[in-house]
Structures are given as structure tokens and as C-alpha cells.
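Text of the file coords-v3.txt, holding compact mmCIF, C-alpha atoms:
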```
# COMPACT_ATOMS: atom_id res chain seq x y z
CA MET A 1 49.24 3.05 -45.26
CA GLU A 2 50.20 0.29 -47.75
CA LEU A 3 49.39 -2.27 -45.08
CA LEU A 4 45.95 -0.77 -44.51
CA THR A 5 45.24 -0.79 -48.25
CA LEU A 6 46.33 -4.41 -48.43
CA ILE A 7 44.14 -5.39 -45.47
CA ALA A 8 41.17 -3.58 -47.02
CA ALA A 9 41.73 -5.26 -50.40
CA ILE A 10 41.91 -8.70 -48.79
CA ALA A 11 38.82 -7.95 -46.70
CA ILE A 12 36.80 -6.81 -49.73
CA ILE A 13 37.83 -9.82 -51.86
CA THR A 14 37.12 -12.33 -49.07
CA SER A 15 33.80 -10.66 -48.40
CA LEU A 16 32.90 -10.75 -52.12
CA ILE A 17 33.66 -14.48 -52.28
CA PHE A 18 31.35 -15.23 -49.38
CA ASP A 19 28.47 -12.89 -50.09
CA ARG A 20 28.28 -10.34 -52.88
CA LYS A 21 25.15 -8.62 -51.71
CA LYS A 22 26.35 -8.23 -48.15
CA THR A 23 29.64 -6.80 -49.40
CA TRP A 24 27.94 -4.06 -51.37
CA VAL A 25 25.70 -3.20 -48.43
CA GLY A 26 28.81 -2.90 -46.26
CA ILE A 27 30.75 -0.77 -48.73
CA LYS A 28 27.75 1.47 -49.26
CA LYS A 29 27.29 1.86 -45.53
CA GLY A 30 30.94 2.76 -45.03
CA THR A 31 30.99 5.26 -47.89
CA LEU A 32 27.84 6.93 -46.61
CA MET A 33 29.28 7.26 -43.10
CA PHE A 34 32.40 8.79 -44.64
CA LEU A 35 30.48 11.32 -46.73
CA LYS A 36 28.38 12.32 -43.74
CA ILE A 37 31.39 13.23 -41.58
CA LEU A 38 33.52 14.65 -44.44
CA PRO A 39 32.27 18.28 -44.28
CA VAL A 40 33.15 18.57 -40.58
CA ILE A 41 36.58 17.03 -41.09
CA VAL A 42 37.40 19.29 -44.04
CA SER A 43 36.37 22.42 -42.17
CA VAL A 44 38.47 21.39 -39.16
CA LEU A 45 41.46 20.88 -41.48
CA ILE A 46 40.87 24.33 -42.98
CA PHE A 47 40.78 25.92 -39.54
CA VAL A 48 43.96 24.16 -38.43
CA SER A 49 45.77 25.05 -41.67
CA VAL A 50 45.04 28.75 -41.19
CA LEU A 51 46.03 28.59 -37.52
CA LEU A 52 49.29 26.75 -38.25
CA TYR A 53 50.21 29.44 -40.73
CA PHE A 54 50.12 31.99 -37.91
CA VAL A 55 51.79 29.72 -35.32
CA PRO A 56 54.77 28.11 -37.06
CA ASN A 57 56.86 25.33 -35.50
CA GLU A 58 59.70 27.74 -34.75
CA LEU A 59 57.49 29.58 -32.31
CA ILE A 60 56.71 26.38 -30.39
CA VAL A 61 60.42 25.56 -30.19
CA GLU A 62 61.10 29.04 -28.84
CA TYR A 63 58.56 28.81 -26.04
CA LEU A 64 59.55 25.34 -24.89
CA GLY A 65 63.26 25.66 -25.58
CA ASP A 66 64.24 28.44 -23.21
CA GLU A 67 64.02 27.03 -19.72
CA ALA A 68 61.88 24.06 -18.95
CA GLY A 69 60.40 25.27 -15.71
CA PHE A 70 56.82 24.77 -14.67
CA SER A 71 55.59 27.13 -17.37
CA GLY A 72 57.27 24.82 -19.85
CA TYR A 73 54.90 22.05 -18.78
CA ILE A 74 51.86 24.28 -19.03
CA PHE A 75 52.84 25.54 -22.45
CA ALA A 76 53.64 22.00 -23.61
CA ALA A 77 50.21 20.83 -22.44
CA LEU A 78 48.48 23.79 -24.13
CA ALA A 79 50.38 23.40 -27.39
CA GLY A 80 49.84 19.67 -27.41
CA SER A 81 46.11 19.96 -26.73
CA VAL A 82 45.46 22.54 -29.40
CA ALA A 83 47.82 21.34 -32.11
CA LEU A 84 46.79 18.77 -34.67
CA ILE A 85 50.07 17.43 -35.98
CA PRO A 86 50.39 13.99 -37.52
CA GLY A 87 53.00 11.70 -35.92
CA ILE A 88 55.17 11.86 -39.03
CA ILE A 89 55.78 15.54 -38.29
CA ALA A 90 55.39 15.51 -34.50
CA TYR A 91 58.20 13.08 -33.71
CA PRO A 92 60.88 14.75 -35.81
CA LEU A 93 59.77 18.01 -34.19
CA ALA A 94 60.08 16.41 -30.73
CA GLY A 95 63.55 15.20 -31.72
CA ILE A 96 64.54 18.76 -32.64
CA LEU A 97 63.13 20.03 -29.34
CA VAL A 98 65.24 17.55 -27.36
CA GLU A 99 68.35 18.58 -29.29
CA ASN A 100 67.55 22.18 -28.44
CA GLY A 101 67.60 21.44 -24.74
CA VAL A 102 63.95 20.79 -23.98
CA SER A 103 63.73 18.16 -21.24
CA TYR A 104 62.19 14.73 -21.77
CA PRO A 105 59.34 15.27 -19.26
CA VAL A 106 58.21 18.39 -21.14
CA ILE A 107 58.42 16.43 -24.39
CA ALA A 108 56.38 13.67 -22.76
CA VAL A 109 53.64 16.15 -21.82
CA PHE A 110 53.69 17.63 -25.32
CA ILE A 111 53.54 14.23 -27.06
CA THR A 112 50.89 12.73 -24.77
CA THR A 113 48.58 15.75 -24.92
CA LEU A 114 49.13 15.93 -28.67
CA MET A 115 47.99 12.35 -29.05
CA MET A 116 45.31 12.22 -26.34
CA VAL A 117 43.64 15.63 -26.31
CA GLY A 118 42.06 17.15 -29.38
CA ILE A 119 40.64 20.64 -28.97
CA MET A 120 40.66 21.20 -32.72
CA THR A 121 38.98 17.90 -33.47
CA LEU A 122 36.24 18.48 -30.87
CA PRO A 123 33.66 19.24 -33.59
CA ILE A 124 34.29 15.77 -35.04
CA GLU A 125 34.28 14.05 -31.65
CA ILE A 126 31.04 15.77 -30.64
CA LYS A 127 29.29 14.26 -33.65
CA TYR A 128 29.95 10.82 -32.19
CA PHE A 129 29.92 11.30 -28.40
CA GLY A 130 27.95 14.51 -27.85
CA VAL A 131 29.24 17.67 -26.15
CA ARG A 132 29.27 16.51 -22.54
CA VAL A 133 31.10 13.21 -23.03
CA SER A 134 33.64 14.80 -25.39
CA LEU A 135 34.45 17.48 -22.85
CA ILE A 136 34.77 14.96 -20.01
CA ARG A 137 37.03 12.74 -22.10
CA ASN A 138 39.33 15.57 -23.11
CA THR A 139 39.56 16.95 -19.58
CA LEU A 140 40.38 13.55 -18.06
CA TYR A 141 42.90 12.83 -20.79
CA LEU A 142 44.56 16.20 -20.27
CA LEU A 143 44.98 15.42 -16.57
CA GLY A 144 46.18 11.92 -17.46
CA ALA A 145 48.75 13.31 -19.89
CA LEU A 146 50.07 15.67 -17.20
CA VAL A 147 50.41 12.78 -14.74
CA ILE A 148 52.28 10.72 -17.33
CA GLY A 149 54.62 13.66 -17.97
CA ILE A 150 55.28 14.16 -14.26
CA LEU A 151 55.95 10.44 -13.74
CA ILE A 152 58.42 10.43 -16.60
CA GLY A 153 59.96 13.58 -15.08
CA LEU A 154 60.42 11.86 -11.72
CA PHE A 155 62.02 8.91 -13.43
CA TYR A 156 64.47 11.01 -15.41
CA SER A 157 65.50 13.01 -12.35
CA LEU A 158 66.42 9.87 -10.39
CA MET B 1 19.91 15.29 -48.87
CA LYS B 2 18.09 18.29 -47.43
CA LYS B 3 18.83 17.05 -43.93
CA PHE B 4 22.51 16.73 -44.85
CA PHE B 5 22.73 20.40 -45.87
CA LYS B 6 20.77 21.52 -42.86
CA LYS B 7 23.11 19.65 -40.53
CA ASN B 8 26.31 20.87 -42.19
CA TRP B 9 25.62 24.48 -43.09
CA VAL B 10 28.44 25.83 -40.91
CA SER B 11 30.98 23.50 -42.51
CA GLY B 12 29.50 24.34 -45.89
CA ILE B 13 30.12 28.05 -45.43
CA VAL B 14 33.67 27.43 -44.17
CA ILE B 15 34.49 25.19 -47.12
CA ILE B 16 33.04 27.53 -49.74
CA ALA B 17 34.75 30.58 -48.21
CA PHE B 18 38.09 28.77 -48.05
CA SER B 19 37.80 27.54 -51.64
CA LEU B 20 37.12 31.08 -52.84
CA PHE B 21 40.01 32.38 -50.76
CA VAL B 22 42.43 29.84 -52.21
CA VAL B 23 41.33 30.37 -55.82
CA LEU B 24 41.60 34.12 -55.37
CA SER B 25 45.05 33.76 -53.75
CA PHE B 26 46.29 31.96 -56.84
CA ILE B 27 44.71 34.44 -59.23
CA ILE B 28 46.09 37.58 -57.58
CA ASP B 29 49.26 35.75 -56.43
CA TYR B 30 48.66 36.30 -52.70
CA GLN B 31 51.52 34.41 -51.01
CA PRO B 32 50.07 33.69 -47.51
CA GLY B 33 46.95 32.19 -49.09
CA GLN B 34 48.99 29.94 -51.34
CA SER B 35 51.22 28.84 -48.48
CA ILE B 36 48.25 28.01 -46.22
CA PHE B 37 46.89 25.82 -48.98
CA LYS B 38 50.08 24.19 -50.20
CA GLU B 39 52.07 23.73 -47.00
CA HIS B 40 49.31 23.00 -44.53
CA PHE B 41 45.89 22.18 -45.91
CA TYR B 42 47.04 20.03 -48.79
CA SER B 43 49.27 17.80 -46.63
CA PHE B 44 46.46 17.27 -44.10
CA PHE B 45 43.94 16.65 -46.82
CA LYS B 46 46.17 14.13 -48.56
CA GLU B 47 46.67 12.17 -45.35
CA MET B 48 42.94 12.19 -44.65
CA ILE B 49 41.63 11.42 -48.15
CA LEU B 50 43.99 8.46 -48.63
CA PHE B 51 43.26 6.96 -45.28
CA LEU B 52 39.69 7.60 -44.19
CA PRO B 53 37.71 6.11 -47.12
CA ILE B 54 39.56 2.80 -46.70
CA MET B 55 38.97 2.95 -42.98
CA PHE B 56 35.24 3.57 -43.44
CA ILE B 57 34.84 0.78 -46.00
CA LEU B 58 36.42 -1.59 -43.46
CA ILE B 59 34.01 -0.29 -40.83
CA GLY B 60 31.08 -0.83 -43.21
CA LEU B 61 32.19 -4.38 -43.90
CA GLY B 62 32.68 -4.97 -40.19
CA ASP B 63 29.16 -3.73 -39.63
CA VAL B 64 27.61 -6.34 -41.93
CA TRP B 65 29.85 -9.27 -41.03
CA ILE B 66 30.64 -9.02 -37.33
CA HIS B 67 28.09 -10.63 -35.04
CA ARG B 68 26.96 -8.64 -32.07
CA LYS B 69 26.84 -11.69 -29.82
CA LYS B 70 30.52 -12.46 -30.38
CA VAL B 71 31.69 -8.90 -29.73
CA GLU B 72 29.48 -8.70 -26.67
CA LYS B 73 30.93 -11.90 -25.31
CA HIS B 74 34.57 -10.90 -25.81
CA ILE B 75 34.62 -7.17 -25.08
CA GLY B 76 31.15 -6.57 -23.66
CA LYS B 77 29.99 -5.74 -20.16
CA ASP B 78 31.18 -8.91 -18.48
CA SER B 79 34.37 -9.45 -20.43
CA GLY B 80 36.87 -8.66 -17.65
CA ILE B 81 40.65 -8.61 -18.05
CA LYS B 82 40.55 -10.68 -21.23
CA GLY B 83 38.35 -8.04 -22.85
CA ILE B 84 40.79 -5.30 -21.87
CA ILE B 85 43.71 -7.20 -23.41
CA ILE B 86 41.80 -7.84 -26.65
CA VAL B 87 40.88 -4.17 -26.99
CA ILE B 88 44.45 -3.03 -26.33
CA PHE B 89 45.85 -5.34 -29.00
CA LEU B 90 43.12 -4.27 -31.42
CA SER B 91 43.97 -0.60 -31.02
CA MET B 92 47.72 -1.17 -31.16
CA ALA B 93 47.31 -2.47 -34.69
CA GLN B 94 45.55 0.72 -35.85
CA VAL B 95 46.92 3.54 -37.93
CA GLY B 96 46.03 7.17 -38.53
CA PRO B 97 44.88 10.23 -36.62
CA LEU B 98 42.57 10.23 -33.58
CA TYR B 99 39.54 11.33 -35.56
CA GLY B 100 39.83 8.05 -37.46
CA ALA B 101 39.28 6.17 -34.20
CA PHE B 102 35.84 7.65 -33.46
CA PRO B 103 34.01 5.83 -36.27
CA VAL B 104 35.59 2.59 -35.04
CA THR B 105 34.20 3.23 -31.56
CA TYR B 106 30.81 3.69 -33.19
CA LEU B 107 31.13 0.21 -34.72
CA LEU B 108 32.34 -1.33 -31.44
CA TRP B 109 29.57 0.32 -29.47
CA ASN B 110 26.98 -0.78 -31.99
CA LYS B 111 28.18 -4.35 -31.62
CA GLY B 112 27.94 -4.32 -27.85
CA ALA B 113 31.38 -3.34 -26.49
CA SER B 114 31.30 -2.00 -22.93
CA ILE B 115 31.85 1.69 -22.14
CA ARG B 116 35.07 0.85 -20.36
CA ASN B 117 36.50 -1.09 -23.28
CA LEU B 118 35.43 1.66 -25.68
CA PHE B 119 37.53 4.22 -23.85
CA ILE B 120 40.40 1.80 -23.36
CA TYR B 121 40.33 1.46 -27.13
CA ILE B 122 40.57 5.23 -27.60
CA GLY B 123 43.24 5.56 -24.93
CA ALA B 124 45.43 2.80 -26.32
CA PHE B 125 44.86 4.15 -29.81
CA CYS B 126 46.16 7.54 -28.68
CA THR B 127 49.16 6.29 -26.80
CA ILE B 128 50.53 2.96 -27.94
CA LYS B 129 49.62 2.14 -31.53
CA ILE B 130 52.52 0.33 -33.12
CA PRO B 131 53.19 2.63 -36.13
CA MET B 132 53.49 5.51 -33.67
CA LEU B 133 55.82 3.61 -31.34
CA THR B 134 58.26 2.80 -34.14
CA PHE B 135 58.45 6.50 -34.97
CA GLU B 136 58.84 7.44 -31.35
CA ILE B 137 61.67 4.98 -30.70
CA GLY B 138 63.43 6.30 -33.81
CA PHE B 139 63.31 9.93 -32.76
CA LEU B 140 63.20 9.88 -28.96
CA GLY B 141 64.82 6.60 -28.05
CA LEU B 142 63.71 3.26 -26.59
CA LYS B 143 63.97 4.36 -22.95
CA PHE B 144 61.54 7.25 -23.43
CA SER B 145 59.13 5.14 -25.40
CA LEU B 146 59.13 2.29 -22.88
CA LEU B 147 58.61 4.63 -19.94
CA ARG B 148 55.79 6.46 -21.67
CA THR B 149 54.03 3.22 -22.60
CA LEU B 150 54.50 1.81 -19.10
CA PHE B 151 52.97 4.87 -17.44
CA SER B 152 50.28 5.41 -20.08
CA LEU B 153 48.69 1.98 -19.89
CA PRO B 154 47.51 2.02 -16.26
CA ILE B 155 46.38 5.64 -16.60
CA ILE B 156 44.23 5.07 -19.68
CA ILE B 157 42.68 1.99 -18.05
CA LEU B 158 41.99 4.01 -14.91
CA ILE B 159 40.39 6.82 -16.92
CA ALA B 160 38.29 4.29 -18.83
CA ILE B 161 37.00 2.79 -15.57
CA LEU B 162 36.25 6.31 -14.36
CA MET B 163 34.43 7.16 -17.59
CA GLU B 164 32.31 4.04 -17.21
CA ARG B 165 31.42 5.01 -13.65
CA ILE B 166 30.44 8.51 -14.74
CA LEU B 167 28.47 7.51 -17.83
CA LYS B 168 26.93 4.19 -16.83
CA LYS B 169 23.51 5.43 -15.82
CA LYS B 170 23.44 8.56 -17.95
CA GLY B 171 22.21 7.01 -21.20
CA PHE B 172 25.56 7.15 -22.94
CA GLU B 173 25.59 6.30 -26.64
CA VAL B 174 27.87 6.65 -29.63
CA LYS B 175 25.97 8.34 -32.42
CA GLN B 176 26.32 7.87 -36.11
CA PRO B 177 26.83 11.38 -37.53
```

Serialized structure, C-alpha cells:
Amino acid sequence: MELLTLIAAIAIITSLIFDRKKTWVGIKKGTLMFLKILPVIVSVLIFVSVLLYFVPNELIVEYLGDEAGFSGYIFAALAGSVALIPGIIAYPLAGILVENGVSYPVIAVFITTLMMVGIMTLPIEIKYFGVRVSLIRNTLYLLGALVIGILIGLFYSL
Amino acid sequence: MKKFFKKNWVSGIVIIAFSLFVVLSFIIDYQPGQSIFKEHFYSFFKEMILFLPIMFILIGLGDVWIHRKKVEKHIGKDSGIKGIIIVIFLSMAQVGPLYGAFPVTYLLWNKGASIRNLFIYIGAFCTIKIPMLTFEIGFLGLKFSLLRTLFSLPIIILIAILMERILKKKGFEVKQP
């Protein structure tokens, strides 16, 4: 975060030195794009906040922690696709899951779907790519995440 | 302005309803409402509001400074393996949640990046950005992280090639919301 702020500050200053007018046009453009997408993002965050209240982390641990059979994979993929958890929270959670006996392949499916598939953020994605492309992307990425999980599973069972 | 409200009326209703709900929860001391706001919404909102405006200003600056010809040459239709490598390194240096990557793809698309490289960008952003890897190694170990990266790379490239095949002649475009 600090790094990003620093990069932005350097970019703005350099841009100002070269061309003031162009800089303002750029900043205005960026701000406008931000304001346009903001309502959708805020409402997605609201929806996720309410959902997370009803599905706390403990519940996820319970479902994945028991026995990591095939249903473990399916649940991991589902949870990962639906959840919107920032990495700062997701990795410690994954660490806890491993300590509680969840296998690495299941964790791999959970982490990869979490990062690659975004059911909750679909409304935002659709604004950029349209419905069809967003659905295709998420479906292919879900399959891809499962393949990655299975490959990691094969490797760990060697 | 009118168009803005017309386009966002669903979000508008959600936001107004939620605001009322939160204010009411604090007035009548309704615990679940307060916890939804404090423990979940606020932490998401903080992450988003610190990060996205900076991101968008950078995108705006990129829009006025970056020349289409250059982008087209390096990561455009005929850019080949070199283009793939550039895009992967570009996305590895990114931070933030996935929904922060979509506006960047808008910029890349606008400047002439190919469909394939666009989706390689998203894929690499999802799976191997450096801030994420450092976290992952810390909590799940180097072996896991290496394996995941090793398997992820070919798969996201494969999916990107597939996406290009599917979308090539279908008038694909990245819209500006």
C-alpha cells in the first residue's frame, strides 16, 4: 500500500513536470472512472458483509476440516468461488485450516478459486466485460483452479 | 448526472437501505447490525477506499501518457512470447483485490493489448502477484507456493489462448462503466 502511494506520488509529480494540462486531464479521467464504478463496488461490499455475518470463518473450517474426501474439494471450490476475502485474511485462515488437518490439495483449490473466481464481484466484472464474457471467464477459471488443485494433490501424494 | 442515477439505481437503493439499517442499529443498539458494519463492511471499505482512488489516478495518467502504438507493438496481436512475459511481469507487480484489475484491463485494451494478453494479465494477477506470494510463503510454506505457481502459469496461459479463440470473432470489447 505504501509502495503504491509512493509510485502514484512519483508518477503525478513527474507528469506535472512534463505537462500540467495533461496531468489534470489524466487525474480527472481516473477520478471519474472511479466515481462511476463506486456505487457497484460499495453495494457488492454491503452484500458480502451481510453474507459473511451469517457464514463465519468457523463454519468454513468445520466443513473442510472433517475429512478431506471428494466433497472437501467441492466445498473448497464453492467456498472459494463465493467468498471475497482479502489475502491478508485468507492466508492466515488457510494456515489455520492446514493446522486443523485440512490437506494441501484442498487448500490449493480453496486458495486458487478464491483468487481466480469471483461470484460476488460478478456485478463489477460485468460492467467491464459484459455478462457472457464474465461467465465464460469464471467458468474456465473454476475448472482451471480445480485442475491446479488436483495436480498439487497428485504431487503431495507421491 | 441523470444517466449516472439511471444506471445505478439498484446500487443506490442497496446503499441507502444499508445506511439506514446501520444508523438504526446504532440508535437502538442492535448488535448484529453493528457487527456487520464494524467487523465486515468497514474493513472492506477501508481497503477499497485507500487503494482504488490511487489505482484509478494511475490509470488516468496512463491513459493520457501511454502511446497506443507502443503498447500494441509490445503486447498487441503479434507480440508473441515476449508479450506474454511482459504482461506476466506487469501483473506480478500489482497489488489489491481482483476487482482492481478490471479497470487496468480496460486501459490495456484501450491501448491495443491482445485478448490473449489481457486474460494472461488477469490470470497472473489472480495467481502470482508478488505481495500475495510473500504472504502465501509465510503461511503455507515455500513448497506449496512454488508448486501452485508452477501449475498455475501454464493453465492461465492455456485459458487465455482459449478465451482468445472463443472471443476473437465475437466483437469482444472491454467497456468503460

**Request:** Could you check how far CA of Lys36 in chain A sits from CA of Arg68 in chain B, in Å to one decimal?
**Result:** 24.0 Å

**Prompt:** What residues in chain A have any atom no more than 8 Å from chain B when counting only C-alpha atoms, and can you write them as an MDAnalysis selection string?
**Reply:** chainID A and resid 1 4:5 8 11:12 15 22:23 25:31 33:34 36:37 39:40 42:43 45:46 48:50 52:53 86:88 91:92 94:95 104 108 112 115:116 121 124:125 127:130 137 140:141 144 148 151:152

For C-alpha atoms, I'd like the residues from the last selection saved as a short mmCIF file (atom, residue, chain, number, x, y, z; two decimals), in the coordinates of the input.
```cif
data_model
loop_
_atom_site.label_atom_id
_atom_site.label_comp_id
_atom_site.auth_asym_id
_atom_site.auth_seq_id
_atom_site.Cartn_x
_atom_site.Cartn_y
_atom_site.Cartn_z
CA MET A 1 49.24 3.05 -45.26
CA LEU A 4 45.95 -0.77 -44.51
CA THR A 5 45.24 -0.79 -48.25
CA ALA A 8 41.17 -3.58 -47.02
CA ALA A 11 38.82 -7.95 -46.70
CA ILE A 12 36.80 -6.81 -49.73
CA SER A 15 33.80 -10.66 -48.40
CA LYS A 22 26.35 -8.23 -48.15
CA THR A 23 29.64 -6.80 -49.40
CA VAL A 25 25.70 -3.20 -48.43
CA GLY A 26 28.81 -2.90 -46.26
CA ILE A 27 30.75 -0.77 -48.73
CA LYS A 28 27.75 1.47 -49.26
CA LYS A 29 27.29 1.86 -45.53
CA GLY A 30 30.94 2.76 -45.03
CA THR A 31 30.99 5.26 -47.89
CA MET A 33 29.28 7.26 -43.10
CA PHE A 34 32.40 8.79 -44.64
CA LYS A 36 28.38 12.32 -43.74
CA ILE A 37 31.39 13.23 -41.58
CA PRO A 39 32.27 18.28 -44.28
CA VAL A 40 33.15 18.57 -40.58
CA VAL A 42 37.40 19.29 -44.04
CA SER A 43 36.37 22.42 -42.17
CA LEU A 45 41.46 20.88 -41.48
CA ILE A 46 40.87 24.33 -42.98
CA VAL A 48 43.96 24.16 -38.43
CA SER A 49 45.77 25.05 -41.67
CA VAL A 50 45.04 28.75 -41.19
CA LEU A 52 49.29 26.75 -38.25
CA TYR A 53 50.21 29.44 -40.73
CA PRO A 86 50.39 13.99 -37.52
CA GLY A 87 53.00 11.70 -35.92
CA ILE A 88 55.17 11.86 -39.03
CA TYR A 91 58.20 13.08 -33.71
CA PRO A 92 60.88 14.75 -35.81
CA ALA A 94 60.08 16.41 -30.73
CA GLY A 95 63.55 15.20 -31.72
CA TYR A 104 62.19 14.73 -21.77
CA ALA A 108 56.38 13.67 -22.76
CA THR A 112 50.89 12.73 -24.77
CA MET A 115 47.99 12.35 -29.05
CA MET A 116 45.31 12.22 -26.34
CA THR A 121 38.98 17.90 -33.47
CA ILE A 124 34.29 15.77 -35.04
CA GLU A 125 34.28 14.05 -31.65
CA LYS A 127 29.29 14.26 -33.65
CA TYR A 128 29.95 10.82 -32.19
CA PHE A 129 29.92 11.30 -28.40
CA GLY A 130 27.95 14.51 -27.85
CA ARG A 137 37.03 12.74 -22.10
CA LEU A 140 40.38 13.55 -18.06
CA TYR A 141 42.90 12.83 -20.79
CA GLY A 144 46.18 11.92 -17.46
CA ILE A 148 52.28 10.72 -17.33
CA LEU A 151 55.95 10.44 -13.74
CA ILE A 152 58.42 10.43 -16.60
#
```

**Request:** Using CA of Thr113 in chain A and CA of Ser81 in chain A as the two end points, give the distance in Å to one decimal.
**Result:** 5.2 Å

**Fill in**
CA of Gly153 in chain A sits from CA of Val106 in chain A at a separation of 7.9 Å
